[in-house]
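Engineer: Here's a structure for you.
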Amino acid sequence: MKVLVVGSGGREHAIAKTLSNSSELFSFMSKKNPGIASLSEFHIGSETDPNEVVEYATEVGVDYAVIGPEAPLAEGVADALEDVGIFTFGPRKDVARLEFDKAWAREFMRKYSIRGYPEFVVCESVEEIENALRQIGEAAIKPSGLTGGKGVKVMGEHLNNAEEVLEYSSKLLSAGHKVVVEEKLEGEEFTIQAFCDGTNLAFSPAVQDHKRAYEGDTGPNTGGMGSYSDANHLLPFLTQEEYDEACKIMKDVVKNAKNETNTPYRGVLYGQFMLTAEGVYVVEFNVRFGDPEALNILPIMRTDFSYVLQECAEGKLGDIDFEHKATVCKYLVPKGYPDNPVADSPVYVGDVGDTLLFFASVYEKDGVIYTTRSRAVGVVGIADTLEEAEKKAERAIGNIRGELYHRKDIGTKELINKRVEHVKALKDLRGR
Ligand code: AMP
Ligand code: GLY
């Protein structure tokens, strides 16, 4: 079958690689990703322009489309493709709102009494923000629109006093955002990505991402420096009961989103959760695979992705089978990333054995790969245990040269034990 992949990052390279096992692949990219280009017939254009994407999709005659990033979904690219009869894995704009309108997403959960949202107030003026802060205390401050994952600031982490909170909130208000002020959640984060056909959900293993740039979770926030998943599909700090609770929340979201918008939710629903002393809370929803989280789960997916697309198109999505393997993904990023990245610097890839490589923001010139200003190469080790998977990823990275750095601590026993101890301490505090 003929499938179009929209997007040009590491996540889309992983999507393309998985689909290329059984589909004839076409891709629409804003910039040429050498990994995706080697797997597909491709077109370079504006990923967020529905007309351009539809024009290419109809010209090459694809039956299905998979949309990688959120920006095209927020611009109605899925709507445009579906309106010309191409089944699109990626929600229409009115339900994609779950990601690009955080105020709407929170109000939606409250309206349908979906459990797991923190106390919150949607504010449209500085006075409202001051009142909300008095009511809520320690808070997270969120712009309601898309900011590339970098717009949320948390008191005590990025904002040190009331003055900084008000200064940041005012900036968001003047940029035209509503501001969500919500209770600060304390705990460990995890992600669950569900495949959805509008009614049925098929869940993938839980993953934990690492947002901070430097080891020990220090430094500025990034798009994600790496992530891991465990062989039992849970995480070392997460019980089956907690995983199931998060899945139940996601089922309620898909069911009620259809009631609210009249549009079935098709595509990936990405649930970002915080495991706290009081149980599982929703940090946010995204309407697409995570990057890097897609790099963990797609390579161990046993059920054929093209078959899953067909099932989704028929509204008959069944369970999806994943190998019982641990995965550790680490992103190599340009030195200085995210604030002052070294762009246009060559990357040399040696022997990486059976470790997987996914290209993100790099370009190729005369057979050489070069960095840009963003994440460069995702490396994924897959093995029976996290320890082995982490070692594999590091061995491969040892054979990649360039002006790059990565987080050596992701997936190590030391860091994972810290997560386990953190959750244990929170639960002990509550006598659970
Ligand atoms: P988001 O863009 O909503 O994923 O938020 C980015 C990051 O901000 C999350 O991954 C969390 O680490 C943090 N965050 C968001 N909301 C909260 C909250 N209510 N309490 C604590 N941290 C939060
Ligand atoms: N890794 C976080 C995200 O894709 O949103």
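Labels used: A, B, ... for chains in the order of the structure tokens, numbers from 1 for residues in each chain, and numbers from 1 for ligands as shown.
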Can you pull out every residue with an atom within 7 Å of ligand 1? Use only C-alpha atoms and all ligand atoms and format it as number ranges by chain.
Structural biologist: A: 118, 139-140, 149-154, 182-186, 272, 283-284
Engineer: Selected residues, N, CA and C atoms, written as a PDB file, in the first residue's frame, please.
Structural biologist:
```pdb
ATOM      1  N   PRO A 118      -4.930  18.558  37.590  1.00  0.00           N
ATOM      2  CA  PRO A 118      -4.647  19.320  38.798  1.00  0.00           C
ATOM      3  C   PRO A 118      -5.581  20.528  38.901  1.00  0.00           C
ATOM      4  N   ALA A 139       2.868  26.877  41.601  1.00  0.00           N
ATOM      5  CA  ALA A 139       2.127  26.635  40.362  1.00  0.00           C
ATOM      6  C   ALA A 139       3.045  26.400  39.169  1.00  0.00           C
ATOM      7  N   ALA A 140       2.450  25.821  38.122  1.00  0.00           N
ATOM      8  CA  ALA A 140       3.077  25.776  36.799  1.00  0.00           C
ATOM      9  C   ALA A 140       2.339  26.791  35.936  1.00  0.00           C
ATOM     10  N   GLY A 149       7.094  23.042  22.965  1.00  0.00           N
ATOM     11  CA  GLY A 149       7.427  22.328  24.197  1.00  0.00           C
ATOM     12  C   GLY A 149       8.277  23.135  25.155  1.00  0.00           C
ATOM     13  N   LYS A 150       8.461  24.429  24.884  1.00  0.00           N
ATOM     14  CA  LYS A 150       9.372  25.187  25.739  1.00  0.00           C
ATOM     15  C   LYS A 150       8.682  26.327  26.493  1.00  0.00           C
ATOM     16  N   GLY A 151       7.349  26.337  26.494  1.00  0.00           N
ATOM     17  CA  GLY A 151       6.640  27.466  27.075  1.00  0.00           C
ATOM     18  C   GLY A 151       6.229  27.319  28.533  1.00  0.00           C
ATOM     19  N   VAL A 152       6.304  26.091  29.067  1.00  0.00           N
ATOM     20  CA  VAL A 152       5.851  25.881  30.443  1.00  0.00           C
ATOM     21  C   VAL A 152       6.960  26.234  31.417  1.00  0.00           C
ATOM     22  N   LYS A 153       6.632  27.038  32.430  1.00  0.00           N
ATOM     23  CA  LYS A 153       7.622  27.328  33.473  1.00  0.00           C
ATOM     24  C   LYS A 153       7.014  27.012  34.832  1.00  0.00           C
ATOM     25  N   VAL A 154       7.842  26.410  35.676  1.00  0.00           N
ATOM     26  CA  VAL A 154       7.356  25.906  36.950  1.00  0.00           C
ATOM     27  C   VAL A 154       8.000  26.697  38.092  1.00  0.00           C
ATOM     28  N   GLU A 182      -1.654  26.432  37.055  1.00  0.00           N
ATOM     29  CA  GLU A 182      -2.138  25.195  37.667  1.00  0.00           C
ATOM     30  C   GLU A 182      -1.208  24.716  38.766  1.00  0.00           C
ATOM     31  N   GLU A 183      -1.788  23.938  39.650  1.00  0.00           N
ATOM     32  CA  GLU A 183      -1.087  23.363  40.787  1.00  0.00           C
ATOM     33  C   GLU A 183       0.182  22.657  40.318  1.00  0.00           C
ATOM     34  N   LYS A 184       1.288  22.916  40.987  1.00  0.00           N
ATOM     35  CA  LYS A 184       2.539  22.244  40.653  1.00  0.00           C
ATOM     36  C   LYS A 184       2.476  20.788  41.125  1.00  0.00           C
ATOM     37  N   LEU A 185       2.722  19.881  40.201  1.00  0.00           N
ATOM     38  CA  LEU A 185       2.687  18.457  40.537  1.00  0.00           C
ATOM     39  C   LEU A 185       4.099  17.996  40.873  1.00  0.00           C
ATOM     40  N   GLU A 186       4.202  17.175  41.907  1.00  0.00           N
ATOM     41  CA  GLU A 186       5.520  16.709  42.344  1.00  0.00           C
ATOM     42  C   GLU A 186       5.560  15.191  42.162  1.00  0.00           C
ATOM     43  N   GLN A 272       1.060  12.494  28.709  1.00  0.00           N
ATOM     44  CA  GLN A 272       2.218  12.791  29.578  1.00  0.00           C
ATOM     45  C   GLN A 272       1.666  12.829  31.003  1.00  0.00           C
ATOM     46  N   VAL A 283      -0.145  15.629  32.943  1.00  0.00           N
ATOM     47  CA  VAL A 283       0.626  16.857  32.719  1.00  0.00           C
ATOM     48  C   VAL A 283       0.110  17.522  31.449  1.00  0.00           C
ATOM     49  N   GLU A 284      -0.032  16.736  30.397  1.00  0.00           N
ATOM     50  CA  GLU A 284      -0.606  17.260  29.157  1.00  0.00           C
ATOM     51  C   GLU A 284      -0.878  16.121  28.197  1.00  0.00           C
TER      52      GLU A 284
END
```
Engineer: As a quick test: using only C-alpha atoms and all ligand atoms, which residues lie no more than 9 Å away from ligand 2? Give them as an mmCIF file with all heavy atoms, in the first residue's frame.
Structural biologist:
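In the end it all went to result_25.cif:
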```cif
data_model
loop_
_atom_site.group_PDB
_atom_site.id
_atom_site.type_symbol
_atom_site.label_atom_id
_atom_site.label_comp_id
_atom_site.auth_asym_id
_atom_site.auth_seq_id
_atom_site.Cartn_x
_atom_site.Cartn_y
_atom_site.Cartn_z
ATOM 1 N N ARG A 11 11.688 11.520 14.791
ATOM 2 C CA ARG A 11 10.438 10.765 14.967
ATOM 3 C C ARG A 11 9.927 10.272 13.610
ATOM 4 O O ARG A 11 9.532 9.115 13.467
ATOM 5 C CB ARG A 11 9.411 11.693 15.622
ATOM 6 C CG ARG A 11 7.988 11.229 15.545
ATOM 7 C CD ARG A 11 7.058 12.267 16.169
ATOM 8 N NE ARG A 11 7.320 13.603 15.684
ATOM 9 C CZ ARG A 11 7.126 14.712 16.383
ATOM 10 N NH1 ARG A 11 6.628 14.665 17.597
ATOM 11 N NH2 ARG A 11 7.412 15.892 15.870
ATOM 12 N N PRO A 69 4.581 15.605 13.137
ATOM 13 C CA PRO A 69 4.597 16.701 14.113
ATOM 14 C C PRO A 69 3.224 17.318 14.384
ATOM 15 O O PRO A 69 2.274 17.069 13.633
ATOM 16 C CB PRO A 69 5.497 17.752 13.448
ATOM 17 C CG PRO A 69 5.741 17.304 12.051
ATOM 18 C CD PRO A 69 4.991 16.052 11.790
ATOM 19 N N GLY A 148 6.463 24.862 20.953
ATOM 20 C CA GLY A 148 7.554 23.909 20.725
ATOM 21 C C GLY A 148 8.016 23.226 22.000
ATOM 22 O O GLY A 148 9.176 22.851 22.128
ATOM 23 N N GLY A 149 7.094 23.042 22.965
ATOM 24 C CA GLY A 149 7.427 22.328 24.197
ATOM 25 C C GLY A 149 8.277 23.135 25.155
ATOM 26 O O GLY A 149 8.782 22.611 26.137
ATOM 27 N N THR A 191 5.371 8.630 29.993
ATOM 28 C CA THR A 191 4.585 8.838 28.784
ATOM 29 C C THR A 191 3.957 7.527 28.338
ATOM 30 O O THR A 191 4.621 6.492 28.361
ATOM 31 C CB THR A 191 5.518 9.304 27.644
ATOM 32 O OG1 THR A 191 6.171 10.500 28.035
ATOM 33 C CG2 THR A 191 4.754 9.537 26.354
ATOM 34 N N GLN A 208 10.035 6.874 29.606
ATOM 35 C CA GLN A 208 10.387 8.104 30.330
ATOM 36 C C GLN A 208 11.406 8.910 29.529
ATOM 37 O O GLN A 208 12.457 8.406 29.135
ATOM 38 C CB GLN A 208 10.943 7.809 31.722
ATOM 39 C CG GLN A 208 11.082 9.116 32.521
ATOM 40 C CD GLN A 208 11.522 8.936 33.951
ATOM 41 O OE1 GLN A 208 12.407 8.139 34.229
ATOM 42 N NE2 GLN A 208 10.928 9.695 34.864
ATOM 43 N N ASP A 209 11.044 10.163 29.301
ATOM 44 C CA ASP A 209 11.881 11.107 28.543
ATOM 45 C C ASP A 209 12.761 11.901 29.513
ATOM 46 O O ASP A 209 12.508 11.903 30.719
ATOM 47 C CB ASP A 209 10.917 12.053 27.790
ATOM 48 C CG ASP A 209 11.623 13.027 26.859
ATOM 49 O OD1 ASP A 209 12.774 12.785 26.487
ATOM 50 O OD2 ASP A 209 10.990 14.057 26.494
ATOM 51 N N HIS A 210 13.759 12.579 28.998
ATOM 52 C CA HIS A 210 14.641 13.448 29.810
ATOM 53 C C HIS A 210 14.717 14.807 29.139
ATOM 54 O O HIS A 210 15.372 14.942 28.112
ATOM 55 C CB HIS A 210 16.032 12.828 29.934
ATOM 56 C CG HIS A 210 16.018 11.527 30.654
ATOM 57 N ND1 HIS A 210 15.489 10.387 30.097
ATOM 58 C CD2 HIS A 210 16.428 11.193 31.890
ATOM 59 C CE1 HIS A 210 15.582 9.390 30.968
ATOM 60 N NE2 HIS A 210 16.150 9.854 32.069
ATOM 61 N N LYS A 211 14.042 15.781 29.734
ATOM 62 C CA LYS A 211 13.901 17.090 29.100
ATOM 63 C C LYS A 211 15.117 17.993 29.280
ATOM 64 O O LYS A 211 15.406 18.825 28.430
ATOM 65 C CB LYS A 211 12.686 17.817 29.711
ATOM 66 C CG LYS A 211 11.388 17.480 29.026
ATOM 67 C CD LYS A 211 10.362 18.571 29.268
ATOM 68 C CE LYS A 211 9.183 18.549 28.352
ATOM 69 N NZ LYS A 211 8.817 17.381 27.642
ATOM 70 N N THR A 222 14.891 21.037 26.847
ATOM 71 C CA THR A 222 15.126 20.754 25.425
ATOM 72 C C THR A 222 13.898 20.030 24.877
ATOM 73 O O THR A 222 12.962 19.746 25.613
ATOM 74 C CB THR A 222 16.321 19.796 25.264
ATOM 75 O OG1 THR A 222 15.940 18.510 25.783
ATOM 76 C CG2 THR A 222 17.553 20.296 26.004
ATOM 77 N N GLY A 223 13.955 19.670 23.609
ATOM 78 C CA GLY A 223 12.892 18.836 23.032
ATOM 79 C C GLY A 223 12.893 17.425 23.592
ATOM 80 O O GLY A 223 11.954 16.668 23.374
ATOM 81 N N GLY A 224 13.939 17.041 24.305
ATOM 82 C CA GLY A 224 14.088 15.673 24.844
ATOM 83 C C GLY A 224 15.466 15.147 24.482
ATOM 84 O O GLY A 224 15.831 15.083 23.318
ATOM 85 N N MET A 225 16.251 14.773 25.486
ATOM 86 C CA MET A 225 17.643 14.336 25.251
ATOM 87 C C MET A 225 17.756 12.823 25.134
ATOM 88 O O MET A 225 18.810 12.308 24.776
ATOM 89 C CB MET A 225 18.532 14.809 26.399
ATOM 90 C CG MET A 225 18.719 16.311 26.471
ATOM 91 S SD MET A 225 19.605 16.975 25.042
ATOM 92 C CE MET A 225 21.257 16.330 25.317
ATOM 93 N N GLY A 226 16.675 12.114 25.474
ATOM 94 C CA GLY A 226 16.733 10.662 25.397
ATOM 95 C C GLY A 226 15.652 10.064 26.268
ATOM 96 O O GLY A 226 14.998 10.772 27.039
ATOM 97 N N SER A 227 15.454 8.759 26.139
ATOM 98 C CA SER A 227 14.315 8.128 26.809
ATOM 99 C C SER A 227 14.545 6.622 26.882
ATOM 100 O O SER A 227 15.360 6.086 26.142
ATOM 101 C CB SER A 227 13.047 8.425 26.008
ATOM 102 O OG SER A 227 13.289 8.229 24.620
ATOM 103 N N TYR A 270 -0.832 10.956 22.869
ATOM 104 C CA TYR A 270 0.350 10.866 23.717
ATOM 105 C C TYR A 270 -0.036 11.432 25.074
ATOM 106 O O TYR A 270 -0.405 12.606 25.174
ATOM 107 C CB TYR A 270 1.447 11.686 23.037
ATOM 108 C CG TYR A 270 2.683 12.064 23.812
ATOM 109 C CD1 TYR A 270 3.934 11.624 23.384
ATOM 110 C CD2 TYR A 270 2.643 12.905 24.911
ATOM 111 C CE1 TYR A 270 5.095 12.015 24.042
ATOM 112 C CE2 TYR A 270 3.794 13.285 25.576
ATOM 113 C CZ TYR A 270 5.014 12.833 25.142
ATOM 114 O OH TYR A 270 6.162 13.220 25.793
ATOM 115 N N GLN A 272 1.060 12.494 28.709
ATOM 116 C CA GLN A 272 2.218 12.791 29.578
ATOM 117 C C GLN A 272 1.666 12.829 31.003
ATOM 118 O O GLN A 272 0.772 13.625 31.291
ATOM 119 C CB GLN A 272 2.818 14.137 29.172
ATOM 120 C CG GLN A 272 3.972 14.614 30.026
ATOM 121 C CD GLN A 272 5.246 13.843 29.694
ATOM 122 O OE1 GLN A 272 5.382 13.295 28.621
ATOM 123 N NE2 GLN A 272 6.158 13.792 30.632
ATOM 124 N N PHE A 285 -1.638 16.448 27.143
ATOM 125 C CA PHE A 285 -1.801 15.516 26.029
ATOM 126 C C PHE A 285 -1.137 16.099 24.803
ATOM 127 O O PHE A 285 -1.198 17.304 24.563
ATOM 128 C CB PHE A 285 -3.285 15.279 25.720
ATOM 129 C CG PHE A 285 -3.975 14.521 26.824
ATOM 130 C CD1 PHE A 285 -4.899 15.147 27.636
ATOM 131 C CD2 PHE A 285 -3.666 13.185 27.055
ATOM 132 C CE1 PHE A 285 -5.514 14.459 28.660
ATOM 133 C CE2 PHE A 285 -4.271 12.488 28.089
ATOM 134 C CZ PHE A 285 -5.192 13.131 28.890
ATOM 135 N N ASN A 286 -0.506 15.225 24.015
ATOM 136 C CA ASN A 286 -0.055 15.602 22.689
ATOM 137 C C ASN A 286 -0.810 14.734 21.692
ATOM 138 O O ASN A 286 -1.307 13.663 22.047
ATOM 139 C CB ASN A 286 1.456 15.408 22.549
ATOM 140 C CG ASN A 286 2.227 16.403 23.414
ATOM 141 O OD1 ASN A 286 1.794 17.537 23.602
ATOM 142 N ND2 ASN A 286 3.346 15.983 23.953
ATOM 143 N N ARG A 288 0.242 13.296 18.824
ATOM 144 C CA ARG A 288 1.209 12.701 17.902
ATOM 145 C C ARG A 288 2.187 11.895 18.724
ATOM 146 O O ARG A 288 2.174 11.964 19.947
ATOM 147 C CB ARG A 288 1.924 13.833 17.183
ATOM 148 C CG ARG A 288 2.186 14.984 18.204
ATOM 149 C CD ARG A 288 3.505 15.538 18.265
ATOM 150 N NE ARG A 288 3.659 16.495 19.335
ATOM 151 C CZ ARG A 288 4.497 16.329 20.348
ATOM 152 N NH1 ARG A 288 5.214 15.229 20.471
ATOM 153 N NH2 ARG A 288 4.620 17.256 21.282
ATOM 154 N N PHE A 289 3.034 11.107 18.043
ATOM 155 C CA PHE A 289 4.089 10.402 18.772
ATOM 156 C C PHE A 289 5.028 11.415 19.411
ATOM 157 O O PHE A 289 5.164 12.544 18.934
ATOM 158 C CB PHE A 289 4.958 9.585 17.811
ATOM 159 C CG PHE A 289 4.315 8.356 17.238
ATOM 160 C CD1 PHE A 289 4.000 8.286 15.886
ATOM 161 C CD2 PHE A 289 4.070 7.241 18.031
ATOM 162 C CE1 PHE A 289 3.444 7.145 15.336
ATOM 163 C CE2 PHE A 289 3.513 6.090 17.490
ATOM 164 C CZ PHE A 289 3.200 6.048 16.138
ATOM 165 N N GLY A 290 5.717 11.003 20.463
ATOM 166 C CA GLY A 290 6.760 11.837 21.054
ATOM 167 C C GLY A 290 8.060 11.690 20.279
ATOM 168 O O GLY A 290 8.293 10.685 19.614
ATOM 169 N N ASP A 291 8.880 12.698 20.382
ATOM 170 C CA ASP A 291 10.227 12.634 19.840
ATOM 171 C C ASP A 291 11.153 12.981 20.987
ATOM 172 O O ASP A 291 11.182 14.130 21.389
ATOM 173 C CB ASP A 291 10.375 13.634 18.683
ATOM 174 C CG ASP A 291 11.682 13.441 17.933
ATOM 175 O OD1 ASP A 291 12.532 12.675 18.409
ATOM 176 O OD2 ASP A 291 11.847 14.073 16.870
ATOM 177 N N PRO A 292 11.820 12.049 21.630
ATOM 178 C CA PRO A 292 12.237 10.730 21.134
ATOM 179 C C PRO A 292 11.337 9.528 21.427
ATOM 180 O O PRO A 292 11.682 8.434 20.965
ATOM 181 C CB PRO A 292 13.574 10.527 21.852
ATOM 182 C CG PRO A 292 13.444 11.269 23.133
ATOM 183 C CD PRO A 292 12.525 12.414 22.868
ATOM 184 N N GLU A 293 10.231 9.651 22.134
ATOM 185 C CA GLU A 293 9.544 8.432 22.600
ATOM 186 C C GLU A 293 9.138 7.468 21.482
ATOM 187 O O GLU A 293 9.040 6.265 21.715
ATOM 188 C CB GLU A 293 8.312 8.809 23.430
ATOM 189 C CG GLU A 293 8.623 9.507 24.756
ATOM 190 C CD GLU A 293 8.645 11.023 24.637
ATOM 191 O OE1 GLU A 293 8.974 11.549 23.543
ATOM 192 O OE2 GLU A 293 8.312 11.689 25.623
ATOM 193 N N ALA A 294 8.912 7.992 20.271
ATOM 194 C CA ALA A 294 8.595 7.106 19.141
ATOM 195 C C ALA A 294 9.765 6.179 18.833
ATOM 196 O O ALA A 294 9.578 5.047 18.378
ATOM 197 C CB ALA A 294 8.265 7.940 17.903
#
```
Engineer: Using the chain letters and numbers from this document, which residues of segment 289-362 of chain A does DSSP assign to helix (DSSP H, G or I), as a PDB file with N, CA and C atoms, in the first residue's frame?
Structural biologist:
```pdb
ATOM      1  N   GLU A 293      10.231   9.651  22.134  1.00  0.00           N
ATOM      2  CA  GLU A 293       9.544   8.432  22.600  1.00  0.00           C
ATOM      3  C   GLU A 293       9.138   7.468  21.482  1.00  0.00           C
ATOM      4  N   ALA A 294       8.912   7.992  20.271  1.00  0.00           N
ATOM      5  CA  ALA A 294       8.595   7.106  19.141  1.00  0.00           C
ATOM      6  C   ALA A 294       9.765   6.179  18.833  1.00  0.00           C
ATOM      7  N   LEU A 295      10.976   6.675  19.090  1.00  0.00           N
ATOM      8  CA  LEU A 295      12.178   5.896  18.764  1.00  0.00           C
ATOM      9  C   LEU A 295      12.332   4.687  19.691  1.00  0.00           C
ATOM     10  N   ASN A 296      11.672   4.728  20.853  1.00  0.00           N
ATOM     11  CA  ASN A 296      11.691   3.571  21.754  1.00  0.00           C
ATOM     12  C   ASN A 296      10.701   2.507  21.315  1.00  0.00           C
ATOM     13  N   ILE A 297       9.486   2.948  20.988  1.00  0.00           N
ATOM     14  CA  ILE A 297       8.427   1.931  20.825  1.00  0.00           C
ATOM     15  C   ILE A 297       8.272   1.400  19.392  1.00  0.00           C
ATOM     16  N   LEU A 298       8.525   2.230  18.384  1.00  0.00           N
ATOM     17  CA  LEU A 298       8.299   1.735  17.016  1.00  0.00           C
ATOM     18  C   LEU A 298       9.236   0.583  16.641  1.00  0.00           C
ATOM     19  N   PRO A 299      10.526   0.632  17.038  1.00  0.00           N
ATOM     20  CA  PRO A 299      11.401  -0.480  16.655  1.00  0.00           C
ATOM     21  C   PRO A 299      11.048  -1.823  17.309  1.00  0.00           C
ATOM     22  N   ILE A 300      10.276  -1.799  18.409  1.00  0.00           N
ATOM     23  CA  ILE A 300       9.932  -3.087  19.035  1.00  0.00           C
ATOM     24  C   ILE A 300       8.469  -3.476  18.776  1.00  0.00           C
ATOM     25  N   PHE A 305       2.886  -1.990  11.159  1.00  0.00           N
ATOM     26  CA  PHE A 305       2.302  -0.639  11.247  1.00  0.00           C
ATOM     27  C   PHE A 305       1.326  -0.396  10.085  1.00  0.00           C
ATOM     28  N   SER A 306       1.664  -0.883   8.904  1.00  0.00           N
ATOM     29  CA  SER A 306       0.763  -0.677   7.760  1.00  0.00           C
ATOM     30  C   SER A 306      -0.580  -1.374   8.017  1.00  0.00           C
ATOM     31  N   TYR A 307      -0.513  -2.553   8.624  1.00  0.00           N
ATOM     32  CA  TYR A 307      -1.726  -3.292   8.978  1.00  0.00           C
ATOM     33  C   TYR A 307      -2.544  -2.502  10.012  1.00  0.00           C
ATOM     34  N   VAL A 308      -1.841  -1.889  10.957  1.00  0.00           N
ATOM     35  CA  VAL A 308      -2.519  -1.064  11.974  1.00  0.00           C
ATOM     36  C   VAL A 308      -3.261   0.096  11.296  1.00  0.00           C
ATOM     37  N   LEU A 309      -2.639   0.695  10.284  1.00  0.00           N
ATOM     38  CA  LEU A 309      -3.296   1.797   9.564  1.00  0.00           C
ATOM     39  C   LEU A 309      -4.591   1.302   8.906  1.00  0.00           C
ATOM     40  N   GLN A 310      -4.519   0.112   8.311  1.00  0.00           N
ATOM     41  CA  GLN A 310      -5.726  -0.448   7.667  1.00  0.00           C
ATOM     42  C   GLN A 310      -6.821  -0.691   8.695  1.00  0.00           C
ATOM     43  N   GLU A 311      -6.410  -1.266   9.835  1.00  0.00           N
ATOM     44  CA  GLU A 311      -7.395  -1.518  10.903  1.00  0.00           C
ATOM     45  C   GLU A 311      -8.034  -0.212  11.367  1.00  0.00           C
ATOM     46  N   CYS A 312      -7.212   0.820  11.507  1.00  0.00           N
ATOM     47  CA  CYS A 312      -7.731   2.116  11.962  1.00  0.00           C
ATOM     48  C   CYS A 312      -8.714   2.678  10.936  1.00  0.00           C
ATOM     49  N   ALA A 313      -8.399   2.540   9.666  1.00  0.00           N
ATOM     50  CA  ALA A 313      -9.273   3.065   8.615  1.00  0.00           C
ATOM     51  C   ALA A 313     -10.632   2.363   8.653  1.00  0.00           C
ATOM     52  N   GLU A 314     -10.616   1.077   9.042  1.00  0.00           N
ATOM     53  CA  GLU A 314     -11.877   0.329   9.113  1.00  0.00           C
ATOM     54  C   GLU A 314     -12.563   0.473  10.468  1.00  0.00           C
TER      55      GLU A 314
END
```
Engineer: Give me the residues within 7 Å of Gln193 of chain A as a list of chain:residue names, counting only C-alpha atoms and dropping any in the same chain fewer than 5 places off.
Structural biologist: A:Phe203, A:Ser204, A:Val268, A:Leu269, A:Tyr270, A:Gly271, A:Phe289
Engineer: Determine the nearest neighbour of Gly402 of chain A from the options A:Glu128, A:Glu421, A:Asp344, A:Glu47, counting only C-alpha atoms.
Structural biologist: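 The shortest atom-to-atom distance to Gly402 of chain A comes from A:Asp344.
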Engineer: Applying 12 Å and only C-alpha atoms, which residues near Gly353 of chain A remain after dropping the ones on its own chain fewer than 3 positions away? List them as a PyMOL selection string.
Structural biologist: chain A and resi 349-350+356-357+379-382+392-400
Engineer: Write out as a list in words the residues lying within 7 Å of segment 174-181 of chain A, counting only C-alpha atoms and excluding same-chain residues fewer than 4 positions away.
Structural biologist: Ala103, Phe120, Val121, Val122, Cys123, Glu124, Ala132, Ala139, Ala140, Ile141, Lys142, Pro143, Ser144, Gly145, Ser169 and Ser170 of chain A
Engineer: For the selection just defined, write its residues with C-alpha atoms to a file, as a JSON list (two decimals), in the first residue's frame.
Structural biologist:
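Written output follows (selection22.json):
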```json
[["chain", "number", "residue", "atom", "x", "y", "z"],
["A", 103, "ALA", "CA", -6.75, 25.85, 28.35],
["A", 120, "PHE", "CA", -6.18, 25.10, 37.53],
["A", 121, "VAL", "CA", -7.41, 28.55, 36.51],
["A", 122, "VAL", "CA", -7.45, 29.89, 32.95],
["A", 123, "CYS", "CA", -6.38, 33.56, 33.09],
["A", 124, "GLU", "CA", -6.70, 36.41, 30.62],
["A", 132, "ALA", "CA", -5.05, 32.36, 40.78],
["A", 139, "ALA", "CA", 2.13, 26.64, 40.36],
["A", 140, "ALA", "CA", 3.08, 25.78, 36.80],
["A", 141, "ILE", "CA", 2.51, 28.59, 34.29],
["A", 142, "LYS", "CA", 1.43, 27.49, 30.81],
["A", 143, "PRO", "CA", 0.77, 29.43, 27.65],
["A", 144, "SER", "CA", -2.33, 28.03, 26.04],
["A", 145, "GLY", "CA", -0.92, 27.76, 22.47],
["A", 169, "SER", "CA", 2.89, 35.65, 32.59],
["A", 170, "SER", "CA", 2.62, 39.22, 31.30]]
```
Engineer: May I have the residues within 9 Å of Val84 of chain A as a list in words, using only C-alpha atoms and disregarding those fewer than 5 positions away in the same chain?
Structural biologist: Val54, Thr58 and Asp79 of chain A
Engineer: Could those selected residues go to a file with N, CA and C atoms, as an mmCIF file, in the first residue's frame?
Structural biologist:
```cif
data_model
loop_
_atom_site.group_PDB
_atom_site.id
_atom_site.type_symbol
_atom_site.label_atom_id
_atom_site.label_comp_id
_atom_site.auth_asym_id
_atom_site.auth_seq_id
_atom_site.Cartn_x
_atom_site.Cartn_y
_atom_site.Cartn_z
ATOM 1 N N VAL A 54 -1.732 18.237 0.251
ATOM 2 C CA VAL A 54 -2.772 17.521 -0.503
ATOM 3 C C VAL A 54 -2.366 17.382 -1.971
ATOM 4 N N THR A 58 -2.099 13.701 -3.623
ATOM 5 C CA THR A 58 -2.976 13.258 -4.713
ATOM 6 C C THR A 58 -2.157 12.976 -5.981
ATOM 7 N N ASP A 79 -7.342 17.371 8.189
ATOM 8 C CA ASP A 79 -8.680 17.674 7.646
ATOM 9 C C ASP A 79 -8.627 17.695 6.118
#
```
Engineer: In Å to one decimal, how far is atom CA of Ala194 of chain A from atom CA of Leu238 of chain A?
Structural biologist: 17.4 Å
Engineer: Have a look at atom CA of Tyr228 of chain A and atom CA of Ala389 of chain A and let me know their distance in Å, one decimal.
Structural biologist: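 Computing it gives 9.1 Å between the two atoms.
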Engineer: Would you mind telling me which residue in A:Glu163, A:Asp197, A:Glu215, A:Asp230 lies nearest to Lys255 of chain A when using only C-alpha atoms?
Structural biologist: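 Smallest separation from Lys255 of chain A among the options: A:Asp197.
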Engineer: Just list the residues in segment 300-400 of chain A DSSP gives strand (DSSP E) on the backbone, as a PyMOL selection string.
Structural biologist: chain A and resi 326-334+346-349+356-359+362-365+368-371+377-383+400
Engineer: What's the 7 Å shell around segment 405-413 of chain A, counting only C-alpha atoms, without same-chain residues fewer than 3 positions away, as a count of residues only?
Structural biologist: 18
Engineer: Rounded to one decimal place, report the atom CA of Lys427 of chain A-atom CA of Ala277 of chain A distance in Å.
Structural biologist: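 Atom-to-atom, atom CA of Lys427 of chain A to atom CA of Ala277 of chain A, that is 5.1 Å.
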Engineer: Could you check which of A:Glu52, A:Glu75, A:Glu403, A:Glu138 is closest to Val95 of chain A, using only C-alpha atoms?
Structural biologist: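 Selected residue with least distance to Val95 of chain A: A:Glu75.
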